[in-house]
>>> print(open('model_39.cif').read())   # mmCIF, C-alpha atoms
data_start
loop_
_atom_site.label_atom_id
_atom_site.label_comp_id
_atom_site.auth_asym_id
_atom_site.auth_seq_id
_atom_site.Cartn_x
_atom_site.Cartn_y
_atom_site.Cartn_z
CA MET K 1 12.33 152.63 -1.31
CA LYS K 2 12.77 149.35 0.46
CA LEU K 3 14.35 149.09 3.87
CA ASN K 4 15.22 146.04 5.96
CA GLU K 5 12.50 147.14 8.35
CA ARG K 6 12.23 144.04 10.46
CA SER K 7 15.92 144.10 11.25
CA VAL K 8 15.86 147.85 11.84
CA ALA K 9 13.05 147.37 14.35
CA HIS K 10 15.04 144.57 15.92
CA TYR K 11 17.96 146.95 16.44
CA ALA K 12 15.63 149.11 18.53
CA THR K 13 14.66 146.39 20.95
CA CYS K 14 17.70 144.13 20.98
CA ASN K 15 19.89 143.88 24.03
CA SER K 16 22.44 146.57 23.15
CA PRO K 17 21.84 149.45 25.56
CA PRO K 18 20.11 152.50 24.11
CA ASP K 19 21.63 155.96 24.30
CA LYS K 20 18.52 157.58 25.66
CA THR K 21 14.92 156.68 26.37
CA GLY K 22 11.90 158.62 27.52
CA PHE K 23 8.46 160.03 26.74
CA LEU K 24 8.14 162.91 24.34
CA PHE K 25 5.26 164.52 22.56
CA LYS K 26 5.49 164.27 18.83
CA LYS K 27 3.41 166.29 16.43
CA GLY K 28 1.53 163.96 14.14
CA GLU K 29 2.22 163.85 10.44
CA ARG K 30 -1.35 163.61 9.28
CA ASN K 31 -3.18 164.39 12.48
CA THR K 32 -1.45 167.54 13.67
CA ALA K 33 -2.11 167.01 17.34
CA TYR K 34 0.78 166.15 19.61
CA HIS K 35 0.90 162.50 20.59
CA ARG K 36 2.74 161.11 23.57
CA ARG K 37 5.18 158.48 22.44
CA TRP K 38 7.93 156.37 24.00
CA PHE K 39 11.24 157.17 22.37
CA ILE K 40 14.39 155.08 22.14
CA LEU K 41 17.56 156.65 20.77
CA LYS K 42 20.18 154.18 19.59
CA GLY K 43 23.13 155.32 17.55
CA ASN K 44 21.80 157.53 14.78
CA MET K 45 18.29 156.08 14.91
CA LEU K 46 15.41 157.55 16.88
CA PHE K 47 12.61 155.04 17.32
CA TYR K 48 9.17 155.84 18.65
CA PHE K 49 6.61 153.50 20.13
CA GLU K 50 2.98 153.92 20.98
CA GLU K 51 3.57 152.73 24.53
CA LYS K 52 6.62 151.91 26.61
CA GLU K 53 5.62 148.24 26.51
CA SER K 54 5.02 148.11 22.76
CA ARG K 55 7.18 145.58 20.98
CA GLU K 56 7.14 147.16 17.54
CA PRO K 57 8.05 150.77 16.87
CA VAL K 58 5.50 152.99 15.15
CA GLY K 59 8.34 154.58 13.28
CA VAL K 60 11.97 155.62 13.15
CA ILE K 61 13.76 158.85 12.33
CA VAL K 62 17.22 158.45 10.79
CA LEU K 63 19.28 161.22 12.35
CA GLU K 64 21.83 161.86 9.66
CA GLY K 65 22.23 165.33 8.22
CA CYS K 66 19.80 166.97 10.62
CA THR K 67 19.88 169.83 13.06
CA VAL K 68 18.02 170.05 16.32
CA GLU K 69 16.60 173.41 17.33
CA LEU K 70 14.53 174.85 20.06
CA CYS K 71 11.29 176.23 18.76
CA GLU K 72 8.36 178.31 19.73
CA SER K 73 5.06 176.55 19.83
CA GLU K 74 1.69 178.06 20.68
CA SER K 75 0.34 174.88 22.18
CA GLU K 76 3.37 173.21 23.69
CA GLU K 77 6.02 174.27 26.13
CA PHE K 78 9.55 172.84 25.93
CA ALA K 79 9.27 172.37 22.21
CA PHE K 80 12.09 171.54 19.84
CA ALA K 81 12.38 170.43 16.26
CA ILE K 82 14.47 168.02 14.22
CA LYS K 83 15.12 169.60 10.83
CA PHE K 84 16.68 168.12 7.74
CA ASP K 85 18.66 169.80 5.05
CA CYS K 86 17.11 168.46 1.87
CA VAL K 87 14.48 169.91 -0.44
CA LYS K 88 10.94 169.66 0.92
CA ALA K 89 12.37 168.13 4.03
CA LYS K 90 10.33 167.10 7.00
CA VAL K 91 10.37 168.95 10.25
CA TYR K 92 9.71 166.78 13.25
CA LYS K 93 8.18 168.84 16.00
CA MET K 94 8.60 167.48 19.47
CA ALA K 95 7.96 168.61 23.00
CA ALA K 96 9.40 167.41 26.27
CA GLU K 97 7.74 167.32 29.66
CA ASN K 98 10.06 169.80 31.33
CA GLN K 99 13.02 172.09 30.68
CA ALA K 100 15.66 169.61 31.81
CA ALA K 101 14.28 166.83 29.64
CA MET K 102 14.12 169.13 26.65
CA GLU K 103 17.74 170.22 27.05
CA SER K 104 18.88 166.68 27.58
CA TRP K 105 17.11 165.42 24.47
CA VAL K 106 18.30 168.28 22.30
CA LYS K 107 21.88 167.61 23.36
CA ALA K 108 21.61 163.87 22.83
CA LEU K 109 19.94 164.18 19.43
CA SER K 110 22.39 166.73 18.07
CA ARG K 111 25.27 164.38 18.85
CA ALA K 112 23.60 161.30 17.48
CA SER K 113 24.92 161.27 13.94
CA PHE K 114 27.32 158.70 12.61
CA ASP K 115 29.57 161.50 11.39
CA TYR K 116 29.87 162.93 14.87
CA MET K 117 30.79 159.57 16.34
CA ARG K 118 33.31 159.05 13.57
CA LEU K 119 34.92 162.41 14.38
CA VAL K 120 35.31 161.60 18.05
CA VAL K 121 36.71 158.14 17.28
CA LYS K 122 39.28 159.58 14.88
CA GLU K 123 40.31 162.16 17.45
CA LEU K 124 40.81 159.54 20.16
CA GLU K 125 42.66 157.31 17.73
CA ARG K 126 45.04 160.15 17.04
CA GLN K 127 45.47 160.88 20.74
CA LEU K 128 46.16 157.25 21.55
CA GLU K 129 48.81 157.12 18.84
CA GLU K 130 50.51 160.17 20.36
CA VAL K 131 50.40 158.68 23.83
CA GLN K 132 51.76 155.35 22.60
CA GLU K 133 54.51 157.15 20.69
CA GLU K 134 55.60 158.91 23.89
CA ALA K 135 55.52 155.67 25.82
CA ARG K 136 57.61 153.98 23.16
CA SER K 137 60.27 156.65 23.14
CA SER K 138 60.81 156.44 26.87
CA GLN K 139 60.85 152.70 26.58
CA ALA K 140 63.37 153.02 23.76
CA LYS K 141 65.87 154.77 25.99
CA SER K 142 66.05 151.78 28.30
CA MET K 143 65.96 149.36 25.39
CA LEU K 144 68.82 151.15 23.66
CA LYS K 145 71.48 149.72 25.93
CA LYS K 146 70.04 146.26 25.42
CA HIS K 147 70.06 146.65 21.66
CA GLN K 148 73.61 147.92 21.51
CA LEU K 149 74.74 144.62 22.96
CA GLN K 150 72.53 142.67 20.60
CA LEU K 151 73.91 144.41 17.53
CA GLN K 152 77.50 143.56 18.33
CA GLY K 153 78.58 140.23 17.07
CA ALA K 154 75.67 138.05 16.02
CA THR K 155 74.40 137.93 12.46
CA PHE K 156 72.29 140.92 11.81
CA SER K 157 69.94 140.72 8.94
CA LEU K 158 68.41 143.75 7.39
CA GLN K 159 65.15 141.87 7.28
CA ASN K 160 65.03 141.95 11.02
CA ALA K 161 64.20 145.63 11.07
CA THR K 162 64.28 145.98 14.86
CA ILE K 163 63.80 149.55 13.90
CA THR K 164 60.08 148.87 13.76
CA GLY K 165 60.31 148.35 17.49
CA PRO K 166 58.05 146.58 19.90
CA SER K 167 54.32 146.71 19.33
CA GLN K 168 54.55 149.52 16.88
CA GLU K 169 52.69 148.00 13.97
CA GLY K 170 49.45 147.76 15.84
CA VAL K 171 48.14 151.25 15.37
CA SER K 172 50.10 152.60 12.45
CA SER K 173 49.28 149.71 10.16
CA ARG K 174 45.57 150.22 10.46
CA GLU K 175 45.58 153.58 8.86
CA ASN K 176 48.51 154.53 6.75
CA GLY K 177 47.76 158.19 6.93
CA VAL K 178 47.82 158.62 10.69
CA SER K 179 51.47 159.16 11.51
CA TRP K 180 52.01 161.35 8.47
CA SER K 181 49.21 163.67 9.27
CA LYS K 182 50.77 164.64 12.56
CA PRO K 183 52.20 168.13 12.61
CA PRO K 184 55.99 168.13 12.26
CA SER K 185 56.39 169.47 15.78
CA VAL K 186 55.33 166.20 17.33
CA PRO K 187 58.21 163.97 16.25
CA ASN K 188 60.62 166.83 16.77
CA GLY K 189 59.27 167.26 20.25
CA VAL K 190 59.72 163.60 21.00
CA ARG K 191 63.26 163.64 19.72
CA ASP K 192 64.14 166.53 21.98
CA THR K 193 63.11 164.71 25.08
CA GLN K 194 65.55 161.97 24.26
CA GLY K 195 68.41 164.26 25.11
CA ASP K 196 71.88 163.66 23.74
CA CYS K 197 72.67 160.23 22.57
CA SER K 198 76.17 159.45 21.50
CA GLU K 199 74.93 158.06 18.25
CA ARG K 200 72.09 159.16 16.03
CA GLY K 201 70.16 156.54 17.84
CA ASP K 202 66.49 156.85 17.79
CA GLY K 203 66.70 153.55 19.49
CA VAL K 204 64.12 151.22 18.10
CA ARG K 205 61.90 153.86 16.60
CA PRO K 206 61.96 154.46 12.88
CA PRO K 207 63.67 157.68 11.82
CA PRO K 208 61.39 160.66 12.32
CA VAL K 209 59.40 162.27 9.54
CA PRO K 210 60.90 164.46 6.80
CA PRO K 211 61.83 167.69 8.69
CA ARG K 212 65.14 165.97 9.45
CA ARG K 213 66.25 166.34 5.87
CA LYS K 214 69.41 168.31 6.71
CA THR K 215 71.30 165.27 8.00
CA ASN K 216 71.32 163.46 4.69
CA GLY K 217 73.19 163.71 1.49
CA GLY K 218 71.03 165.33 -1.12
CA SER K 219 70.49 162.04 -2.92
CA LEU K 220 67.14 161.48 -1.33
CA GLU K 221 65.73 164.75 -2.48
CA SER K 222 63.46 164.20 -5.36
CA PRO K 223 63.84 166.94 -7.93
CA VAL K 224 60.10 167.27 -8.00
CA SER K 225 58.24 166.71 -4.81
CA PRO K 226 54.65 165.75 -5.35
CA GLY K 227 52.15 168.41 -4.60
CA THR K 228 50.55 168.09 -1.23
CA GLY K 229 47.25 167.93 -3.02
CA CYS K 230 47.62 164.24 -3.69
CA PHE K 231 47.99 162.61 -0.33
CA SER K 232 48.76 159.10 -1.48
CA LYS K 233 51.56 160.34 -3.74
CA LEU K 234 53.02 162.35 -0.91
CA HIS K 235 52.77 159.34 1.35
CA ASP K 236 54.58 157.11 -1.14
CA TRP K 237 57.27 159.70 -1.70
CA TYR K 238 58.01 160.14 1.98
CA GLY K 239 57.72 156.39 2.43
CA LYS K 240 60.57 155.82 -0.03
CA GLU K 241 62.70 158.30 1.84
CA VAL K 242 62.01 156.63 5.17
CA ALA K 243 62.87 153.24 3.74
CA GLU K 244 66.21 154.54 2.51
CA LEU K 245 66.89 156.29 5.78
CA ARG K 246 66.21 153.06 7.63
CA ILE K 247 68.68 151.13 5.52
CA GLU K 248 71.27 153.82 6.01
CA TRP K 249 70.80 153.77 9.77
CA LEU K 250 70.98 150.02 9.95
CA GLN K 251 74.13 149.97 7.89
CA SER K 252 75.69 152.57 10.13
CA GLN K 253 74.94 150.37 13.10
CA ILE K 254 76.67 147.38 11.66
CA HIS K 255 79.85 149.24 10.90
CA TRP K 256 80.71 150.32 14.39
CA MET Y 1 7.05 150.98 10.44
CA ARG Y 2 7.33 154.56 9.24
CA PHE Y 3 10.67 156.07 8.34
CA ASN Y 4 11.89 159.33 6.86
CA GLU Y 5 12.27 158.04 3.34
CA LYS Y 6 12.92 161.34 1.61
CA GLU Y 7 15.76 162.13 3.96
CA LEU Y 8 17.17 158.65 3.48
CA VAL Y 9 17.07 159.11 -0.30
CA PHE Y 10 18.86 162.42 0.14
CA LEU Y 11 21.48 160.63 2.23
CA SER Y 12 21.94 158.08 -0.54
CA ARG Y 13 23.10 160.83 -2.86
CA GLN Y 14 25.89 161.98 -0.59
CA PRO Y 15 29.53 161.00 -1.18
CA SER Y 16 30.03 157.42 -0.20
CA GLU Y 17 32.68 155.55 1.70
CA ARG Y 18 32.69 153.03 -1.10
CA ALA Y 19 30.64 152.42 -4.24
CA ALA Y 20 30.74 149.78 -6.94
CA GLU Y 21 28.64 147.83 -9.35
CA LEU Y 22 28.16 144.40 -7.83
CA GLY Y 23 25.97 141.42 -8.42
CA MET Y 24 23.33 141.37 -5.70
CA ARG Y 25 20.91 138.66 -4.73
CA GLY Y 26 18.15 139.08 -2.21
CA PRO Y 27 17.49 136.71 0.65
CA LYS Y 28 14.23 135.22 -0.58
CA LYS Y 29 14.02 131.89 -2.36
CA GLY Y 30 13.73 132.58 -6.01
CA ASP Y 31 15.65 135.85 -5.86
CA VAL Y 32 18.18 136.05 -8.66
CA VAL Y 33 21.43 137.93 -9.01
CA LYS Y 34 21.02 141.41 -10.46
CA ARG Y 35 23.62 144.02 -11.24
CA ARG Y 36 23.27 146.88 -8.79
CA LEU Y 37 25.15 150.05 -8.00
CA VAL Y 38 25.93 149.51 -4.34
CA LYS Y 39 26.86 152.49 -2.17
CA LEU Y 40 28.08 152.46 1.39
CA ILE Y 41 27.21 155.65 3.28
CA VAL Y 42 27.51 155.89 7.07
CA ASN Y 43 25.81 152.74 8.38
CA PHE Y 44 23.61 152.20 5.33
CA LEU Y 45 24.12 150.15 2.22
CA PHE Y 46 22.07 151.63 -0.64
CA TYR Y 47 21.49 149.79 -3.88
CA PHE Y 48 20.48 151.41 -7.17
CA ARG Y 49 19.46 150.23 -10.60
CA THR Y 50 22.29 150.20 -13.07
CA ASP Y 51 22.33 151.18 -16.69
CA GLU Y 52 20.57 148.06 -17.75
CA ASP Y 53 17.86 146.51 -19.85
CA GLU Y 54 15.19 147.07 -17.27
CA VAL Y 55 15.98 150.75 -17.27
CA SER Y 56 16.28 151.26 -20.97
CA VAL Y 57 13.00 149.54 -21.83
CA LYS Y 58 11.07 151.73 -19.40
CA GLN Y 59 13.10 154.68 -20.55
CA ARG Y 60 12.12 154.12 -24.15
CA LEU Y 61 8.47 153.69 -23.29
CA ILE Y 62 8.28 156.84 -21.26
CA TRP Y 63 10.18 158.93 -23.74
CA ILE Y 64 8.05 157.71 -26.57
CA SER Y 65 4.78 158.28 -24.80
CA THR Y 66 5.45 161.80 -23.69
CA ALA Y 67 7.84 164.65 -24.17
CA SER Y 68 6.72 166.52 -21.13
CA LEU Y 69 9.49 167.95 -19.00
CA SER Y 70 7.91 167.15 -15.69
CA LEU Y 71 7.54 163.49 -16.57
CA SER Y 72 11.16 163.13 -17.57
CA LEU Y 73 12.19 164.72 -14.28
CA GLU Y 74 10.09 162.17 -12.51
CA PHE Y 75 11.79 159.49 -14.52
CA ASN Y 76 15.18 160.78 -13.44
CA TRP Y 77 13.95 160.56 -9.87
CA PHE Y 78 12.93 156.98 -10.59
CA VAL Y 79 16.36 156.09 -11.87
CA PHE Y 80 18.37 157.88 -9.26
CA GLN Y 81 16.35 156.82 -6.33
CA PRO Y 82 17.79 153.76 -4.63
CA ILE Y 83 15.76 150.60 -4.91
CA GLY Y 84 16.50 149.98 -1.29
CA ALA Y 85 18.67 150.43 1.77
CA LEU Y 86 20.06 148.09 4.38
CA LEU Y 87 20.84 149.39 7.85
CA LEU Y 88 24.10 147.70 8.78
CA GLU Y 89 23.54 147.20 12.50
CA GLN Y 90 23.31 143.82 14.17
CA CYS Y 91 24.44 142.05 11.04
CA ARG Y 92 26.99 139.42 10.16
CA VAL Y 93 29.24 139.67 7.12
CA GLU Y 94 30.71 136.45 5.75
CA ARG Y 95 32.98 135.39 2.94
CA GLU Y 96 30.95 132.96 0.88
CA ASP Y 97 33.37 132.34 -1.91
CA ASP Y 98 36.47 133.76 -3.54
CA HIS Y 99 34.69 136.87 -4.64
CA VAL Y 100 31.32 136.61 -2.93
CA PHE Y 101 30.30 137.91 0.47
CA SER Y 102 27.03 137.87 2.33
CA ILE Y 103 25.24 140.07 4.81
CA ALA Y 104 22.75 138.50 7.19
CA PHE Y 105 20.88 140.16 10.03
CA LEU Y 106 21.00 138.59 13.44
CA ASP Y 107 17.24 138.47 13.84
CA GLU Y 108 16.89 136.33 10.72
CA ALA Y 109 20.29 134.77 10.30
CA GLU Y 110 19.38 132.28 7.58
CA ARG Y 111 18.29 135.00 5.18
CA LYS Y 112 21.40 136.20 3.42
CA TYR Y 113 21.93 139.00 0.96
CA LEU Y 114 24.66 137.94 -1.46
CA PHE Y 115 27.09 140.24 -3.20
CA GLU Y 116 29.26 139.16 -6.11
CA CYS Y 117 32.43 141.17 -6.54
CA GLY Y 118 34.72 141.55 -9.50
CA SER Y 119 37.74 140.15 -7.75
CA GLN Y 120 39.01 138.63 -4.51
CA GLU Y 121 40.60 141.89 -3.58
CA GLN Y 122 37.39 143.82 -4.06
CA CYS Y 123 35.54 141.23 -1.98
CA VAL Y 124 37.98 141.54 0.90
CA GLU Y 125 37.82 145.33 0.77
CA TRP Y 126 34.03 145.36 0.83
CA ILE Y 127 33.85 142.96 3.74
CA ASP Y 128 36.23 145.14 5.70
CA ALA Y 129 34.29 148.27 4.84
CA VAL Y 130 30.89 146.83 5.74
CA VAL Y 131 32.11 145.46 9.06
CA LYS Y 132 33.48 148.85 9.98
CA ALA Y 133 30.37 150.68 8.84
CA SER Y 134 28.26 150.11 11.91
CA TYR Y 135 27.69 152.66 14.62
CA GLU Y 136 28.16 149.97 17.23
CA PHE Y 137 31.54 149.02 15.78
CA MET Y 138 32.67 152.63 16.06
CA ARG Y 139 31.38 152.80 19.59
CA LYS Y 140 33.45 149.76 20.55
CA ASN Y 141 36.56 151.41 19.11
CA LEU Y 142 35.84 154.57 20.99
CA ILE Y 143 35.47 152.72 24.27
CA TYR Y 144 38.75 150.93 23.61
CA TYR Y 145 40.64 154.16 22.83
CA ARG Y 146 39.10 155.96 25.76
CA THR Y 147 40.01 153.18 28.16
CA GLU Y 148 43.56 152.81 26.82
CA ILE Y 149 44.29 156.52 26.93
CA HIS Y 150 42.99 156.65 30.47
CA ARG Y 151 45.13 153.68 31.40
CA LEU Y 152 48.27 155.21 29.93
CA THR Y 153 47.78 158.77 31.08
CA GLY Y 154 45.38 158.63 34.00
CA LYS Y 155 43.18 161.14 32.21
CA ASP Y 156 39.83 160.80 30.49
CA PRO Y 157 40.39 162.12 26.96
CA LEU Y 158 36.78 163.22 26.58
CA GLU Y 159 36.90 165.59 29.52
CA GLN Y 160 38.49 168.41 27.57
CA TYR Y 161 35.56 168.32 25.15
CA GLY Y 162 32.98 168.30 27.90
CA ILE Y 163 31.43 165.06 26.70
CA SER Y 164 32.68 162.60 29.26
CA ASP Y 165 29.22 162.07 30.70
CA GLU Y 166 27.50 161.27 27.44
CA THR Y 167 25.85 157.87 27.63
CA ARG Y 168 26.89 157.05 24.08
CA PHE Y 169 30.55 157.16 25.14
CA ARG Y 170 30.05 155.18 28.30
CA VAL Y 171 32.71 152.63 29.06
CA ASN Y 172 30.61 150.20 31.05
CA SER Y 173 27.72 149.30 28.83
CA GLY Y 174 25.65 147.47 31.37
CA LEU Y 175 22.11 148.46 32.14
CA PRO Y 176 20.33 150.99 29.96
CA PRO Y 177 20.30 154.51 31.40
CA PRO Y 178 17.20 155.49 33.34
CA PRO Y 179 14.68 157.53 31.34
CA THR Y 180 14.81 161.24 32.07
#
>>> encode(input="model_39.cif", output="structure tokens")
Amino acid sequence: MKLNERSVAHYATCNSPPDKTGFLFKKGERNTAYHRRWFILKGNMLFYFEEKESREPVGVIVLEGCTVELCESESEEFAFAIKFDCVKAKVYKMAAENQAAMESWVKALSRASFDYMRLVVKELERQLEEVQEEARSSQAKSMLKKHQLQLQGATFSLQNATITGPSQEGVSSRENGVSWSKPPSVPNGVRDTQGDCSERGDGVRPPPVPPRRKTNGGSLESPVSPGTGCFSKLHDWYGKEVAELRIEWLQSQIHW
Amino acid sequence: MRFNEKELVFLSRQPSERAAELGMRGPKKGDVVKRRLVKLIVNFLFYFRTDEDEVSVKQRLIWISTASLSLSLEFNWFVFQPIGALLLEQCRVEREDDHVFSIAFLDEAERKYLFECGSQEQCVEWIDAVVKASYEFMRKNLIYYRTEIHRLTGKDPLEQYGISDETRFRVNSGLPPPPT
């Protein structure tokens, strides 16, 4: 199988900082002695060089779908292995120079996969959304007064949708699914902190997610709600409801 | 340069972020466009033979010449093994045309791999997907989220997971860490 090897090797030595570097002993593939090699870990790629000063790597291990385990070795102390899950998979046997180095490498290598990084990113993305949501709702309270004055008088077009609020599109537009996948308690929680407002005002935030169903006439209830199995259908269905709720809210604003 | 090919082939058979039959042209002069099944998995772009003339001719030859089970298994391996893989780090993705995009690697920027899509929409979607498929892109996002959350809350969001000291999540990517 072909690989863009030159560019892969370039990734190893280019100026982006590596995640970990150091000497390790690696058991040879043909010659089963342990050879001391200079290792560079970048992302999910573990490169190894003959010497620290070598410009071209001897090889690379793609760290996707692997586990890293401590292992017993007759000849080497501080040994560990990189194991893959596929049929007739390779086992890369390695040894560090001391206990601390071994532990540090095992930790670094077991967190090196793309999937792991993706998980952490998604988690932080979700957390940031929550934090921004909280910030917006406290901002909304102070903005509410301002908006009340704006709504009186001047032409108010439904297109304006101030309901989308300041800087709200940024995060939620990137991934449709994000706000819907939050547990229902989150928007409810946020609403509670707003205290009593004389109107239904959520200020500039869009109406909260479905659990608020009781306040509407039954017209929005679809006789058949899509099964939660199909996320995009569910999303569309709730999306229609939100759109109608928005229009209703806006209309109610105009009439007082 | 050695690499763990078997494991990479195994990876190529996992569920993909995105897969489609596209026209693909290599970066060398004289390379022509060929239909390929292109699969995006983590930060790799794999490309496979499609159900095409080149397959069926070989297929016919092999099936005619032998009925042995082991040989036909090997043939299946031949068909379902990717022709190649591209690691999508340090690369630039560009819109070449309405429905054509290119991938070039920063160390040899003039050599472009071209991909012909079925529509403008597909082209745009692929470009977006490939750009977001790099580990370094994800790392940048992570640093942004981490910094923003810290700015808004005063807390490091990675602390609760015990990974705030990991070099891969470092906010200031300046000098490489000292070897341990």
>>> atom_distance(input="model_39.cif", atom1="atom CA of Met1 of chain Y", atom2="atom CA of Val68 of chain K")
22.8 Å
>>> resolve_selection(input="model_39.cif", expression="the PyMOL selection byres ((chain Y and resi 33-45) around 10)", output="compact mmCIF listing (two decimals) with C-alpha atoms, in the coordinates of the input")
# COMPACT_ATOMS: atom_id res chain seq x y z
CA LEU K 3 14.35 149.09 3.87
CA GLY K 43 23.13 155.32 17.55
CA ASN K 44 21.80 157.53 14.78
CA GLU K 64 21.83 161.86 9.66
CA SER K 113 24.92 161.27 13.94
CA PHE K 114 27.32 158.70 12.61
CA ASP K 115 29.57 161.50 11.39
CA ARG K 118 33.31 159.05 13.57
CA LEU Y 8 17.17 158.65 3.48
CA LEU Y 11 21.48 160.63 2.23
CA SER Y 12 21.94 158.08 -0.54
CA ARG Y 13 23.10 160.83 -2.86
CA GLN Y 14 25.89 161.98 -0.59
CA PRO Y 15 29.53 161.00 -1.18
CA SER Y 16 30.03 157.42 -0.20
CA GLU Y 17 32.68 155.55 1.70
CA ARG Y 18 32.69 153.03 -1.10
CA ALA Y 19 30.64 152.42 -4.24
CA ALA Y 20 30.74 149.78 -6.94
CA GLU Y 21 28.64 147.83 -9.35
CA LEU Y 22 28.16 144.40 -7.83
CA GLY Y 23 25.97 141.42 -8.42
CA MET Y 24 23.33 141.37 -5.70
CA ARG Y 25 20.91 138.66 -4.73
CA GLY Y 26 18.15 139.08 -2.21
CA GLY Y 30 13.73 132.58 -6.01
CA ASP Y 31 15.65 135.85 -5.86
CA VAL Y 32 18.18 136.05 -8.66
CA PHE Y 46 22.07 151.63 -0.64
CA TYR Y 47 21.49 149.79 -3.88
CA PHE Y 48 20.48 151.41 -7.17
CA ARG Y 49 19.46 150.23 -10.60
CA THR Y 50 22.29 150.20 -13.07
CA ASP Y 51 22.33 151.18 -16.69
CA GLU Y 52 20.57 148.06 -17.75
CA PRO Y 82 17.79 153.76 -4.63
CA ILE Y 83 15.76 150.60 -4.91
CA GLY Y 84 16.50 149.98 -1.29
CA ALA Y 85 18.67 150.43 1.77
CA LEU Y 86 20.06 148.09 4.38
CA LEU Y 87 20.84 149.39 7.85
CA LEU Y 88 24.10 147.70 8.78
CA GLU Y 89 23.54 147.20 12.50
CA LEU Y 114 24.66 137.94 -1.46
CA PHE Y 115 27.09 140.24 -3.20
CA GLU Y 116 29.26 139.16 -6.11
CA TRP Y 126 34.03 145.36 0.83
CA ALA Y 129 34.29 148.27 4.84
CA VAL Y 130 30.89 146.83 5.74
CA VAL Y 131 32.11 145.46 9.06
CA LYS Y 132 33.48 148.85 9.98
CA ALA Y 133 30.37 150.68 8.84
CA SER Y 134 28.26 150.11 11.91
CA TYR Y 135 27.69 152.66 14.62
CA GLU Y 136 28.16 149.97 17.23
>>> resolve_selection(input="model_39.cif", expression="the PyMOL selection byres ((chain Y) within 8 of (chain K))", output="number ranges by chain")
Y: 1-8, 10-11, 42-43, 81-87, 89-90, 105-108, 135-136, 138-139, 141-142, 145-146, 148-149, 152-153, 157, 166-168, 173-180
>>> atom_distance(input="model_39.cif", atom1="atom CA of Leu109 of chain K", atom2="atom CA of Arg92 of chain Y")
27.4 Å
>>> closest_residue(input="model_39.cif", among="Y:Ile163, Y:Arg170, Y:Lys140, Y:Phe101", to="Glu121 of chain Y", atoms="all atoms listed in the file")
Y:Phe101
>>> atom_distance(input="model_39.cif", atom1="atom CA of Thr147 of chain Y", atom2="atom CA of Glu159 of chain Y")
12.9 Å
>>> closest_residue(input="model_39.cif", among="Y:Lys29, Y:Val171, Y:Tyr144, Y:Ile127", to="Val93 of chain Y", atoms="only C-alpha atoms")
Y:Ile127
>>> axis_aligned_box(input="model_39.cif", around="segment 146-154 of chain Y", padding_each_side="8 Å", output="AutoDock Vina command-line options")
--center_x 43.7 --center_y 155.8 --center_z 29.9 --size_x 25.2 --size_y 22.0 --size_z 24.2
